[in-house]
file start.cif (mmCIF, C-alpha atoms and all ligand atoms)
data_run
#
loop_
_atom_site.label_atom_id
_atom_site.label_comp_id
_atom_site.auth_asym_id
_atom_site.auth_seq_id
_atom_site.Cartn_x
_atom_site.Cartn_y
_atom_site.Cartn_z
CA MET A 1 26.43 -54.11 -13.39
CA LYS A 2 25.58 -52.39 -16.65
CA THR A 3 21.88 -52.43 -15.75
CA ILE A 4 22.59 -50.83 -12.39
CA LYS A 5 24.63 -48.12 -14.11
CA HIS A 6 21.75 -47.46 -16.51
CA LEU A 7 19.32 -47.34 -13.65
CA LEU A 8 21.50 -44.86 -11.73
CA PHE A 9 21.88 -42.72 -14.85
CA PHE A 10 18.12 -42.79 -15.37
CA LEU A 11 17.42 -41.77 -11.75
CA ALA A 12 20.06 -39.01 -11.90
CA SER A 13 18.50 -37.61 -15.08
CA ILE A 14 15.07 -37.53 -13.48
CA PHE A 15 16.51 -35.79 -10.42
CA LEU A 16 18.33 -33.22 -12.53
CA CYS A 17 15.32 -32.52 -14.72
CA THR A 18 12.94 -32.10 -11.78
CA ASN A 19 15.47 -30.00 -9.95
CA THR A 20 16.09 -27.75 -12.93
CA TYR A 21 12.38 -27.31 -13.43
CA SER A 22 11.81 -26.39 -9.80
CA ASN A 23 14.62 -23.83 -10.05
CA ILE A 24 12.71 -21.84 -12.64
CA THR A 25 11.46 -18.90 -10.64
CA TYR A 26 10.05 -15.70 -12.10
CA THR A 27 7.82 -12.73 -11.51
CA LEU A 28 6.30 -10.48 -14.14
CA VAL A 29 4.20 -7.40 -13.38
CA ILE A 30 2.65 -5.14 -16.03
CA HIS A 31 0.64 -1.92 -16.03
CA GLY A 32 -1.42 -0.03 -18.56
CA GLY A 33 -1.62 3.35 -16.86
CA ALA A 34 -3.30 4.89 -13.84
CA GLY A 35 -6.14 7.39 -13.87
CA ASN A 36 -9.35 8.57 -12.28
CA ILE A 37 -11.82 6.44 -14.16
CA SER A 38 -15.21 5.55 -12.77
CA LYS A 39 -16.56 2.03 -13.18
CA GLU A 40 -19.50 3.49 -15.12
CA SER A 41 -17.24 5.08 -17.74
CA LEU A 42 -16.01 1.68 -18.92
CA SER A 43 -18.46 -0.67 -20.62
CA ALA A 44 -18.46 -4.38 -19.81
CA GLU A 45 -16.93 -4.88 -23.24
CA ASP A 46 -14.13 -2.37 -22.54
CA ILE A 47 -13.31 -4.14 -19.30
CA LYS A 48 -13.27 -7.49 -21.05
CA ASN A 49 -10.97 -6.15 -23.77
CA TYR A 50 -8.50 -4.79 -21.23
CA GLU A 51 -8.56 -7.98 -19.19
CA ASN A 52 -8.13 -10.19 -22.23
CA LYS A 53 -5.21 -8.13 -23.48
CA PHE A 54 -3.53 -8.24 -20.07
CA SER A 55 -4.15 -11.92 -19.61
CA HIS A 56 -2.76 -12.69 -23.08
CA THR A 57 0.30 -10.49 -22.44
CA LEU A 58 1.00 -12.18 -19.10
CA ASN A 59 0.69 -15.61 -20.74
CA ILE A 60 3.23 -14.72 -23.42
CA GLY A 61 5.65 -13.32 -20.84
CA GLU A 62 5.20 -16.32 -18.57
CA GLU A 63 5.84 -18.77 -21.37
CA MET A 64 9.07 -16.96 -22.22
CA LEU A 65 10.19 -16.94 -18.58
CA LYS A 66 9.42 -20.64 -18.16
CA ASN A 67 11.64 -21.27 -21.16
CA GLY A 68 14.49 -19.37 -19.59
CA ALA A 69 14.15 -16.02 -21.39
CA SER A 70 15.93 -13.08 -19.78
CA ALA A 71 14.11 -10.40 -17.82
CA LEU A 72 15.14 -7.86 -20.47
CA ASP A 73 13.78 -9.86 -23.41
CA VAL A 74 10.50 -10.41 -21.60
CA ALA A 75 10.20 -6.73 -20.69
CA VAL A 76 10.69 -5.71 -24.32
CA GLU A 77 8.28 -8.32 -25.65
CA VAL A 78 5.39 -7.60 -23.29
CA VAL A 79 5.71 -3.83 -23.67
CA LYS A 80 5.72 -4.31 -27.45
CA ILE A 81 2.44 -6.22 -27.26
CA LEU A 82 0.89 -3.38 -25.29
CA GLU A 83 2.36 -0.76 -27.66
CA ASP A 84 0.70 -2.54 -30.57
CA SER A 85 -2.72 -2.33 -28.93
CA PRO A 86 -4.83 0.83 -29.44
CA LEU A 87 -6.19 0.32 -25.92
CA PHE A 88 -3.16 1.97 -24.33
CA ASN A 89 -1.49 5.33 -24.53
CA ALA A 90 1.74 3.95 -25.97
CA GLY A 91 2.72 3.00 -29.51
CA LYS A 92 -0.44 2.57 -31.59
CA GLY A 93 -2.83 4.16 -29.06
CA SER A 94 -0.75 7.22 -28.21
CA VAL A 95 -2.44 10.50 -27.31
CA PHE A 96 -2.10 13.64 -29.43
CA ASN A 97 -0.01 16.64 -28.45
CA ILE A 98 -1.27 20.21 -28.68
CA ASP A 99 -0.42 20.32 -32.40
CA GLY A 100 -2.44 17.16 -33.09
CA GLU A 101 0.67 15.00 -33.46
CA ASN A 102 2.00 11.94 -31.66
CA GLU A 103 5.37 12.09 -29.93
CA LEU A 104 6.35 8.91 -28.15
CA ASP A 105 8.79 8.17 -25.30
CA ALA A 106 10.17 4.90 -23.89
CA SER A 107 12.93 3.54 -21.70
CA ILE A 108 14.37 0.30 -20.44
CA MET A 109 16.84 -0.59 -17.70
CA CYS A 110 18.85 -3.72 -17.02
CA GLY A 111 19.23 -4.52 -13.31
CA LYS A 112 22.37 -6.60 -13.76
CA ASP A 113 24.70 -3.80 -14.82
CA ARG A 114 22.38 -0.80 -14.49
CA ASN A 115 22.71 -0.17 -18.19
CA ALA A 116 19.81 1.78 -19.66
CA GLY A 117 18.38 3.09 -22.92
CA ALA A 118 15.69 5.61 -23.79
CA VAL A 119 14.12 7.50 -26.67
CA ALA A 120 11.95 10.61 -26.52
CA GLY A 121 9.80 12.59 -28.93
CA VAL A 122 9.81 9.95 -31.66
CA ARG A 123 7.14 9.93 -34.39
CA ILE A 124 7.85 7.12 -36.83
CA ILE A 125 9.26 4.22 -34.79
CA LYS A 126 6.56 1.55 -34.52
CA ASN A 127 7.84 0.21 -31.20
CA PRO A 128 9.71 2.83 -29.19
CA ILE A 129 10.63 0.24 -26.57
CA GLU A 130 12.71 -1.60 -29.17
CA ALA A 131 14.46 1.65 -29.99
CA ALA A 132 15.19 2.22 -26.29
CA TYR A 133 16.55 -1.33 -26.02
CA ASN A 134 18.80 -0.73 -29.01
CA VAL A 135 20.09 2.53 -27.58
CA MET A 136 21.05 0.56 -24.47
CA LYS A 137 22.61 -2.38 -26.28
CA GLU A 138 24.05 -0.83 -29.40
CA SER A 139 25.17 2.66 -28.45
CA PRO A 140 27.36 4.23 -25.78
CA HIS A 141 24.46 6.54 -24.86
CA VAL A 142 21.45 6.38 -22.60
CA MET A 143 18.99 8.63 -24.42
CA LEU A 144 18.40 9.66 -28.03
CA ILE A 145 15.65 12.08 -29.02
CA GLY A 146 13.58 13.02 -32.08
CA ASP A 147 15.23 12.84 -35.50
CA GLY A 148 18.43 11.34 -34.08
CA ALA A 149 16.58 8.52 -32.36
CA GLU A 150 14.69 7.87 -35.60
CA GLN A 151 17.84 7.88 -37.69
CA PHE A 152 19.48 5.47 -35.25
CA SER A 153 16.44 3.16 -35.33
CA LYS A 154 16.53 3.09 -39.14
CA GLU A 155 20.21 2.16 -39.02
CA LYS A 156 19.39 -0.67 -36.62
CA GLY A 157 16.69 -1.99 -38.95
CA LEU A 158 13.77 -1.34 -36.62
CA GLU A 159 10.29 -1.09 -38.08
CA ILE A 160 9.55 2.42 -39.31
CA VAL A 161 5.97 3.58 -39.96
CA SER A 162 4.33 6.72 -41.28
CA PRO A 163 3.14 9.14 -38.54
CA SER A 164 -0.41 8.28 -39.64
CA TYR A 165 0.07 4.74 -38.24
CA PHE A 166 -0.44 6.29 -34.80
CA PHE A 167 -3.78 7.90 -35.73
CA ASP A 168 -6.55 6.50 -33.59
CA GLN A 169 -10.08 7.95 -33.86
CA ARG A 170 -10.85 7.62 -30.15
CA ARG A 171 -7.65 9.45 -29.24
CA TYR A 172 -8.32 12.08 -31.89
CA ASP A 173 -11.82 12.69 -30.49
CA GLN A 174 -10.26 13.21 -27.05
CA TYR A 175 -7.88 15.71 -28.58
CA ARG A 176 -10.69 17.58 -30.42
CA ASN A 177 -12.69 17.64 -27.22
CA PHE A 178 -9.74 19.25 -25.47
CA ILE A 179 -9.20 21.83 -28.22
CA ASP A 180 -12.91 22.70 -28.48
CA ASN A 181 -13.37 23.06 -24.73
CA ARG A 182 -10.11 24.41 -23.50
CA ASP A 183 -11.64 27.76 -22.56
CA LYS A 184 -14.14 25.96 -20.36
CA GLY A 185 -11.59 24.74 -17.86
CA TYR A 186 -11.18 21.31 -19.38
CA ASN A 187 -8.20 20.42 -17.34
CA ASN A 188 -5.77 17.71 -16.99
CA GLN A 189 -6.46 16.53 -13.48
CA ASN A 190 -10.18 15.89 -13.58
CA ASN A 191 -11.08 14.84 -17.08
CA LYS A 192 -11.30 11.17 -17.85
CA ASP A 193 -9.83 11.67 -21.32
CA PHE A 194 -6.54 12.28 -19.61
CA LYS A 195 -6.79 8.83 -18.15
CA THR A 196 -3.23 8.10 -19.13
CA GLY A 197 -2.65 4.54 -20.41
CA THR A 198 1.12 4.47 -20.36
CA VAL A 199 2.40 0.90 -20.29
CA GLY A 200 5.20 -0.75 -18.35
CA ALA A 201 6.68 -4.00 -17.14
CA VAL A 202 8.97 -5.14 -14.36
CA VAL A 203 10.49 -8.60 -14.53
CA LEU A 204 12.54 -10.91 -12.31
CA ASP A 205 13.91 -13.92 -14.18
CA SER A 206 15.17 -17.25 -12.86
CA LYS A 207 18.78 -16.06 -12.86
CA GLY A 208 17.85 -13.25 -10.48
CA ASN A 209 18.13 -10.59 -13.18
CA LEU A 210 15.73 -7.68 -13.05
CA ALA A 211 14.48 -5.37 -15.80
CA ALA A 212 12.08 -2.43 -15.99
CA ALA A 213 10.53 -0.93 -19.14
CA THR A 214 8.07 1.90 -19.74
CA SER A 215 6.49 3.30 -22.92
CA THR A 216 4.07 6.19 -23.46
CA GLY A 217 2.50 8.71 -25.77
CA GLY A 218 2.84 11.19 -22.89
CA MET A 219 0.00 13.40 -21.77
CA LEU A 220 -2.89 14.54 -23.96
CA ALA A 221 -2.34 18.01 -25.44
CA LYS A 222 1.20 18.21 -24.08
CA LYS A 223 3.31 20.96 -25.58
CA TYR A 224 5.34 20.03 -28.65
CA GLY A 225 8.67 18.68 -27.50
CA ARG A 226 7.51 17.95 -23.95
CA VAL A 227 9.18 14.91 -22.39
CA GLY A 228 7.68 13.24 -19.34
CA ASP A 229 9.07 10.80 -16.80
CA SER A 230 8.67 7.58 -18.79
CA PRO A 231 11.98 7.84 -20.67
CA ILE A 232 13.81 9.36 -17.69
CA ILE A 233 15.88 6.79 -15.85
CA GLY A 234 15.22 7.16 -12.14
CA ALA A 235 11.92 9.00 -12.61
CA GLY A 236 9.68 6.59 -14.56
CA THR A 237 11.92 3.53 -14.80
CA TYR A 238 14.65 1.96 -12.70
CA ALA A 239 16.14 -1.49 -12.09
CA ASP A 240 19.00 -2.78 -9.96
CA ASN A 241 19.54 -6.49 -9.29
CA ASN A 242 20.55 -5.72 -5.70
CA ILE A 243 17.25 -3.98 -4.95
CA GLY A 244 14.33 -4.23 -7.38
CA ALA A 245 12.68 -2.77 -10.47
CA VAL A 246 10.03 -0.05 -10.88
CA SER A 247 7.92 1.30 -13.76
CA GLY A 248 5.66 4.30 -13.19
CA THR A 249 2.66 6.03 -14.68
CA GLY A 250 1.05 9.35 -13.88
CA HIS A 251 1.74 13.07 -14.02
CA GLY A 252 5.27 12.91 -15.41
CA GLU A 253 6.52 16.31 -14.32
CA PHE A 254 6.04 15.30 -10.68
CA PHE A 255 7.60 11.87 -11.20
CA ILE A 256 10.67 13.67 -12.56
CA ARG A 257 10.77 16.24 -9.76
CA ASN A 258 10.48 13.53 -7.09
CA VAL A 259 12.68 10.94 -8.87
CA ILE A 260 9.93 8.48 -7.98
CA ALA A 261 11.24 5.16 -9.36
CA TYR A 262 14.69 5.56 -7.84
CA ASP A 263 13.45 6.98 -4.56
CA ILE A 264 11.24 3.94 -3.99
CA LEU A 265 14.24 1.67 -4.48
CA ALA A 266 16.47 3.93 -2.37
CA LYS A 267 14.07 3.46 0.55
CA VAL A 268 14.32 -0.31 0.07
CA LYS A 269 18.10 -0.17 -0.17
CA TYR A 270 19.04 2.29 2.57
CA LEU A 271 16.14 1.97 5.01
CA ASN A 272 15.21 -1.65 4.44
CA THR A 273 11.63 -0.57 3.78
CA PRO A 274 9.52 -3.33 2.18
CA ILE A 275 8.88 -2.48 -1.48
CA GLU A 276 5.14 -2.01 -1.16
CA LYS A 277 5.51 0.30 1.84
CA ALA A 278 8.19 2.30 0.03
CA ALA A 279 5.89 2.67 -2.99
CA LYS A 280 3.01 3.82 -0.81
CA GLU A 281 5.22 6.41 0.84
CA LEU A 282 5.96 7.94 -2.55
CA ILE A 283 2.66 7.46 -4.35
CA HIS A 284 0.24 8.15 -1.49
CA ASP A 285 2.19 10.22 1.01
CA ARG A 286 4.31 12.29 -1.38
CA LEU A 287 2.25 12.61 -4.58
CA GLY A 288 -1.25 11.81 -3.31
CA LYS A 289 -1.03 14.43 -0.57
CA ASP A 290 -0.59 17.09 -3.27
CA GLU A 291 -3.31 15.53 -5.44
CA ILE A 292 -0.83 14.43 -8.08
CA ASN A 293 -2.10 11.36 -9.91
CA GLY A 294 0.06 8.33 -10.36
CA GLY A 295 0.94 4.73 -9.74
CA ILE A 296 3.78 2.27 -9.99
CA ILE A 297 4.44 -1.41 -10.39
CA ALA A 298 7.51 -2.90 -8.73
CA VAL A 299 9.21 -6.15 -7.92
CA ASP A 300 12.07 -6.56 -5.45
CA LYS A 301 15.03 -8.91 -5.83
CA ASP A 302 13.15 -11.59 -3.85
CA GLY A 303 10.06 -11.46 -6.03
CA ASN A 304 7.85 -9.38 -3.70
CA ILE A 305 5.63 -7.15 -5.79
CA ALA A 306 3.85 -3.82 -5.42
CA MET A 307 1.05 -2.36 -7.55
CA VAL A 308 0.32 0.97 -5.90
CA PHE A 309 -1.76 3.90 -7.23
CA ASN A 310 -3.51 6.93 -5.79
CA THR A 311 -6.17 7.13 -8.53
CA THR A 312 -9.42 5.20 -8.78
CA ALA A 313 -7.89 2.80 -11.29
CA MET A 314 -4.69 1.36 -12.66
CA PHE A 315 -4.65 -1.32 -15.34
CA ARG A 316 -2.40 -3.95 -13.85
CA GLY A 317 -1.55 -7.62 -13.64
CA PHE A 318 1.08 -10.06 -12.50
CA VAL A 319 2.11 -13.68 -12.80
CA ASN A 320 4.76 -15.73 -10.99
CA HIS A 321 6.24 -19.22 -10.80
CA LYS A 322 4.06 -20.07 -7.79
CA GLY A 323 1.10 -20.20 -10.13
CA GLU A 324 -0.32 -16.88 -8.95
CA LYS A 325 -1.85 -14.76 -11.71
CA GLU A 326 -4.09 -11.74 -11.39
CA THR A 327 -5.36 -8.79 -13.41
CA GLY A 328 -7.18 -5.75 -12.06
CA ILE A 329 -8.37 -2.27 -12.97
CA PHE A 330 -10.12 -0.54 -10.08
CA VAL A 331 -9.29 -0.21 -6.39
CA ASP A 332 -10.29 -3.57 -4.88
N1 LIG B 1 3.88 9.48 -17.13
C1 LIG B 1 3.45 9.77 -18.46
C2 LIG B 1 3.97 11.12 -18.85
O1 LIG B 1 3.93 12.02 -18.05
C3 LIG B 1 1.98 9.74 -18.64
C4 LIG B 1 1.29 8.59 -17.99
O2 LIG B 1 1.85 7.79 -17.32
O3 LIG B 1 0.11 8.49 -18.20
O4 LIG B 1 4.34 11.30 -19.98
#

call {"tool": "encode", "arguments": {"input": "start.cif", "output": "structure tokens", "more": "lines below"}}
Ligand code: ASP
result
Amino acid sequence: MKTIKHLLFFLASIFLCTNTYSNITYTLVIHGGAGNISKESLSAEDIKNYENKFSHTLNIGEEMLKNGASALDVAVEVVKILEDSPLFNAGKGSVFNIDGENELDASIMCGKDRNAGAVAGVRIIKNPIEAAYNVMKESPHVMLIGDGAEQFSKEKGLEIVSPSYFFDQRRYDQYRNFIDNRDKGYNNQNNKDFKTGTVGAVVLDSKGNLAAATSTGGMLAKKYGRVGDSPIIGAGTYADNNIGAVSGTGHGEFFIRNVIAYDILAKVKYLNTPIEKAAKELIHDRLGKDEINGGIIAVDKDGNIAMVFNTTAMFRGFVNHKGEKETGIFVD
């Protein structure tokens, strides 16, 4: 009798373990900015560096999700990794504003309760996404800017760096090139130096919670104090467990004016439009028609993803519990 009991217990444990494992479902999508970049302008080494960084970031996020981490924690962690890389226009690799300074923006949104946090125009916070997360979690506010955001981050014990931490020679050369050639029509829409590089993540975890996060240095040679779409909830970032999550990249002023992230999800919610179709309607039909550059990554509540851009390239990648994993840069 005792042996039978042990046997039943053993079989039940195996069943429970297998069942729990098979219940771990997740989707993680990341981007590293959209822009009009030709294949020739990136060396084989550049491409490898981007792909390696994306692959590594997806692996870290996937490992966390397999171990039951929340969508929010994964979003913060993967965006932090991309902020720490000089390859992207966020954190360490941020572009310079017209005064030759770096002013960084970031936001995060939790799909479960539609809570959100954002910071804008910060200059000494190593990882603006952590500051945004703290604004969401630890304050009654949604957005803090400039000195106030920095003061708050100090109080929360976040890592503070000197503004010179954000100096990157490649970005500085782009800035000098802009300053030296601005009379020659060196403009924002057709120069590869403006090739963005904002980073973002959308995540669906095994509990069905969604999160979206976006971080950026903004646009090269932006005016001092300019804030783009990335820290604006609804424009560059949005998440709602009943619909999906979106993170955008592109010409921020137009993302704000068209409330791109929210409008994509509104189409899914009110018109039942599939997420990829909704994204195409905004990115191609609305922005693309007016030659406004941009792209988005999105995941809906069922794990369907979209990686849509109207430029020649968007650094992007995804991984899910079905074992699918992909990274890409150019239009396929
Ligand atoms: N959307 C960002 C901004 O306007 C820039 C980008 O995504 O490249 O600040």

call {"tool": "closest_atom_pairs", "arguments": {"input": "start.cif", "of": "chain A", "to": "ligand LIG 1 (chain B)", "cutoff": "6 Å", "atoms": "all atoms listed in the file", "output": "CSV"}}
result
residue,atom,partner,partner_atom,distance
A:Gly33,CA,B:LIG1,O3,5.6
A:Thr196,CA,B:LIG1,O3,3.5
A:Gly197,CA,B:LIG1,O3,5.3
A:Thr198,CA,B:LIG1,O2,4.6
A:Gly218,CA,B:LIG1,O4,3.3
A:Met219,CA,B:LIG1,O4,5.1
A:Gly228,CA,B:LIG1,O4,3.9
A:Asp229,CA,B:LIG1,N1,5.4
A:Ser230,CA,B:LIG1,N1,5.4
A:Thr249,CA,B:LIG1,O2,3.3
A:Gly250,CA,B:LIG1,O2,3.9
A:His251,CA,B:LIG1,O1,4.7
A:Gly252,CA,B:LIG1,O1,3.1

call {"tool": "residues_around", "arguments": {"input": "start.cif", "residues": "Gly117 of chain A", "least_positions_apart": "2", "cutoff": "6 Å", "atoms": "all atoms listed in the file", "output": "MDAnalysis selection string"}}
result
chainID A and resid 107:108 132:133 135:136 142:143

call {"tool": "write_last_selection", "arguments": {"input": "start.cif", "atoms": "C-alpha atoms", "output": "compact mmCIF listing (two decimals), in the frame of the given file"}}
result
# COMPACT_ATOMS: atom_id res chain seq x y z
CA SER A 107 12.93 3.54 -21.70
CA ILE A 108 14.37 0.30 -20.44
CA ALA A 132 15.19 2.22 -26.29
CA TYR A 133 16.55 -1.33 -26.02
CA VAL A 135 20.09 2.53 -27.58
CA MET A 136 21.05 0.56 -24.47
CA VAL A 142 21.45 6.38 -22.60
CA MET A 143 18.99 8.63 -24.42

call {"tool": "closest_residue", "arguments": {"input": "start.cif", "among": "A:Lys39, A:Lys301, A:Glu281, A:Phe178", "to": "Lys222 of chain A", "atoms": "all atoms listed in the file"}}
result
A:Phe178

call {"tool": "closest_residue", "arguments": {"input": "start.cif", "among": "A:Tyr224, A:Phe330, A:Tyr50, A:Phe309", "to": "Glu103 of chain A", "atoms": "all atoms listed in the file"}}
result
A:Tyr224

call {"tool": "closest_residue", "arguments": {"input": "start.cif", "among": "A:Ser41, A:Asn241, A:Ser206, A:Ser162", "to": "Asn320 of chain A", "atoms": "all atoms listed in the file"}}
result
A:Ser206

call {"tool": "decode", "arguments": {"input": "start.cif", "residues": "segment 313-324 of chain A", "atoms": "N, CA, C and O atoms", "output": "PDB file, in the first residue's frame"}}
result
ATOM      1  N   ALA A 313      15.571  50.078 -42.803  1.00  0.00           N
ATOM      2  CA  ALA A 313      16.075  49.181 -41.760  1.00  0.00           C
ATOM      3  C   ALA A 313      15.446  49.477 -40.410  1.00  0.00           C
ATOM      4  O   ALA A 313      15.046  50.611 -40.124  1.00  0.00           O
ATOM      5  N   MET A 314      15.341  48.435 -39.624  1.00  0.00           N
ATOM      6  CA  MET A 314      15.035  48.593 -38.192  1.00  0.00           C
ATOM      7  C   MET A 314      15.740  47.438 -37.480  1.00  0.00           C
ATOM      8  O   MET A 314      15.557  46.271 -37.830  1.00  0.00           O
ATOM      9  N   PHE A 315      16.556  47.777 -36.506  1.00  0.00           N
ATOM     10  CA  PHE A 315      17.223  46.743 -35.714  1.00  0.00           C
ATOM     11  C   PHE A 315      16.143  46.086 -34.859  1.00  0.00           C
ATOM     12  O   PHE A 315      15.433  46.780 -34.128  1.00  0.00           O
ATOM     13  N   ARG A 316      16.022  44.776 -34.980  1.00  0.00           N
ATOM     14  CA  ARG A 316      14.883  44.143 -34.314  1.00  0.00           C
ATOM     15  C   ARG A 316      15.153  42.673 -34.020  1.00  0.00           C
ATOM     16  O   ARG A 316      16.034  42.054 -34.642  1.00  0.00           O
ATOM     17  N   GLY A 317      14.381  42.110 -33.109  1.00  0.00           N
ATOM     18  CA  GLY A 317      14.516  40.692 -32.822  1.00  0.00           C
ATOM     19  C   GLY A 317      13.409  40.242 -31.894  1.00  0.00           C
ATOM     20  O   GLY A 317      12.788  41.058 -31.211  1.00  0.00           O
ATOM     21  N   PHE A 318      13.149  38.947 -31.911  1.00  0.00           N
ATOM     22  CA  PHE A 318      12.149  38.421 -30.984  1.00  0.00           C
ATOM     23  C   PHE A 318      12.491  36.992 -30.595  1.00  0.00           C
ATOM     24  O   PHE A 318      13.256  36.309 -31.275  1.00  0.00           O
ATOM     25  N   VAL A 319      11.888  36.571 -29.497  1.00  0.00           N
ATOM     26  CA  VAL A 319      12.033  35.186 -29.051  1.00  0.00           C
ATOM     27  C   VAL A 319      10.730  34.805 -28.364  1.00  0.00           C
ATOM     28  O   VAL A 319      10.039  35.676 -27.808  1.00  0.00           O
ATOM     29  N   ASN A 320      10.337  33.527 -28.450  1.00  0.00           N
ATOM     30  CA  ASN A 320       9.129  33.109 -27.729  1.00  0.00           C
ATOM     31  C   ASN A 320       9.272  31.676 -27.216  1.00  0.00           C
ATOM     32  O   ASN A 320      10.261  30.992 -27.517  1.00  0.00           O
ATOM     33  N   HIS A 321       8.263  31.239 -26.457  1.00  0.00           N
ATOM     34  CA  HIS A 321       8.336  29.921 -25.818  1.00  0.00           C
ATOM     35  C   HIS A 321       8.225  28.784 -26.823  1.00  0.00           C
ATOM     36  O   HIS A 321       8.467  27.632 -26.487  1.00  0.00           O
ATOM     37  N   LYS A 322       7.839  29.104 -28.069  1.00  0.00           N
ATOM     38  CA  LYS A 322       7.727  28.032 -29.072  1.00  0.00           C
ATOM     39  C   LYS A 322       9.091  27.702 -29.663  1.00  0.00           C
ATOM     40  O   LYS A 322       9.200  26.882 -30.565  1.00  0.00           O
ATOM     41  N   GLY A 323      10.110  28.400 -29.170  1.00  0.00           N
ATOM     42  CA  GLY A 323      11.450  28.120 -29.675  1.00  0.00           C
ATOM     43  C   GLY A 323      11.783  28.954 -30.894  1.00  0.00           C
ATOM     44  O   GLY A 323      12.811  28.753 -31.542  1.00  0.00           O
ATOM     45  N   GLU A 324      10.924  29.926 -31.216  1.00  0.00           N
ATOM     46  CA  GLU A 324      11.227  30.784 -32.362  1.00  0.00           C
ATOM     47  C   GLU A 324      12.116  31.932 -31.885  1.00  0.00           C
ATOM     48  O   GLU A 324      11.848  32.530 -30.848  1.00  0.00           O
TER      49      GLU A 324
END
